[in-house]
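S.K.: Let me give you the structure first, and then I'll get to my questions.
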Amino acid sequence: MKITSARFIASLSDIRQLPTDGLPEVALVGRSNVGKSSLINKICNKKNLAFVSSTPGKTQTINFFLINESFYIVDLPGYGYAKVPEHVKAGWSKLIENYLGGREQLKLVLHIVDARHEPTELDKMMAGWLDYFKIPYVIVITKIDKIARSKIARQVEMIKNAFGKLRYCQQFVTFSAITGVGKNELLSIIEQYIGSVQRGKNISKTQGRQPQKVS
């Protein structure tokens, strides 16, 4: 897939404000400052499409970007930033939960983790959440350019082992917003899912223990 147009549509803080046009959506989740905005800018070939901040916790809303006039990339609030007030984190958690748990247009999630570090408990919790809601997702190991080439394979294996068994994870992809490694692979995966995957579930019928909150 080639992205020929990409534009920011809206920043939304209320689940009732989400688009109603029925276009498929690909969402990004990850810890604060993990590189979601940089990934969006890279795959869309636009340097300043998504705002890149050095301050963790900057994204506090659900941000929608219309791609090729045919689907949305959705940037969800980052989790895990300790300096954000508890009531704000609680609001993010509820917003993310409501979106992931009830959005029929959602076809795929890109779960972003930092290649330099072992996945945090919140990263693992998010993967468990996606499994619970039966949402296909790809774990994107980003900032791979910051690791020596001789250590990449070992680091990727460590991250895979840390996550353990995952039910709805489709694959792991290494990515760099600097070099472009993984860009074409991600675009191919996105093209596959926005065209063919239908979520085979009704959230009201989901059984089992509720997932823990991610904040």
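Residue numbers start at 1 in each chain; chains themselves are named A, B, ... in the order of the structure tokens; ligands are numbered from 1 in the order shown.
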Env of Cys44 of chain A: 8 Å cut, atoms = only C-alpha atoms, seq-sep filter 3 positions within chain, self excluded. Answer as a list in words.
M.R.: Ile3, Thr4, Ser5, Ala6, Ile40 and Asn41 of chain A
S.K.: Check segment 147-183 of chain A with DSSP on the backbone and list each residue it calls strand (DSSP E or B), as a VMD selection string.
M.R.: chain A and resid 169 to 174
S.K.: Which of these, A:Asn161, A:Ser13, A:Ser37, A:Thr120, has the shortest distance to Ile73 of chain A once you count only C-alpha atoms?
M.R.: A:Ser37
S.K.: Which residue out of A:Val34, A:Val74, A:Leu166, A:Leu28 has the minimum interatomic distance to Ser11 of chain A when only C-alpha atoms are used?
M.R.: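 So, comparing all the options, the nearest one is A:Val74.
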S.K.: Could you tell me which of A:Ile135, A:Ala115, A:Ile144, A:Leu66 comes closest to Ala177 of chain A if we count only C-alpha atoms?
M.R.: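 Closest to Ala177 of chain A, using only C-alpha atoms: A:Ile144.
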S.K.: Which is closer to Ser38 of chain A than all the others in A:Gly101, A:Gly195, A:Gly180, A:Gly128, using only C-alpha atoms?
M.R.: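 Between A:Gly101, A:Gly195, A:Gly180, A:Gly128, the residue approaching Ser38 of chain A most closely is A:Gly180.
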S.K.: Give me, as an MDAnalysis selection string, all polymer residues having an atom no more than 12 Å from Arg16 of chain A, counting only C-alpha atoms and skipping those fewer than 2 positions away in the same chain.
M.R.: chainID A and resid 12:14 18:20 62 95 98:99 102:103
S.K.: Give me a file of those residues, with N, CA and C atoms, as a short mmCIF file (atom, residue, chain, number, x, y, z; two decimals), in the first residue's frame.
M.R.:
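Wrote it out as again_12.cif, contents follow:
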data_model
loop_
_atom_site.label_atom_id
_atom_site.label_comp_id
_atom_site.auth_asym_id
_atom_site.auth_seq_id
_atom_site.Cartn_x
_atom_site.Cartn_y
_atom_site.Cartn_z
N LEU A 12 -10.35 13.94 20.10
CA LEU A 12 -11.62 13.72 20.78
C LEU A 12 -11.41 13.17 22.18
N SER A 13 -12.18 13.67 23.12
CA SER A 13 -12.06 13.23 24.51
C SER A 13 -13.30 12.51 25.00
N ASP A 14 -14.28 12.35 24.12
CA ASP A 14 -15.54 11.71 24.48
C ASP A 14 -15.84 10.64 23.43
N LEU A 18 -16.86 10.12 18.34
CA LEU A 18 -16.08 9.42 17.32
C LEU A 18 -16.78 9.45 15.96
N PRO A 19 -16.01 9.38 14.88
CA PRO A 19 -16.59 9.41 13.53
C PRO A 19 -17.65 8.33 13.34
N THR A 20 -18.65 8.66 12.55
CA THR A 20 -19.76 7.73 12.31
C THR A 20 -19.85 7.32 10.84
N ILE A 62 -8.08 11.06 21.90
CA ILE A 62 -7.99 10.14 20.77
C ILE A 62 -7.86 10.98 19.51
N LEU A 95 -11.27 6.00 28.56
CA LEU A 95 -11.40 6.34 27.15
C LEU A 95 -10.85 5.22 26.27
N ASN A 98 -13.13 2.03 26.55
CA ASN A 98 -14.38 2.16 25.80
C ASN A 98 -14.14 2.06 24.30
N TYR A 99 -13.03 2.64 23.85
CA TYR A 99 -12.74 2.58 22.42
C TYR A 99 -12.41 1.15 21.99
N GLY A 102 -15.52 -1.44 22.27
CA GLY A 102 -16.79 -1.33 21.58
C GLY A 102 -16.75 -0.73 20.19
N ARG A 103 -15.57 -0.63 19.60
CA ARG A 103 -15.45 0.05 18.31
C ARG A 103 -15.46 -0.96 17.17
#
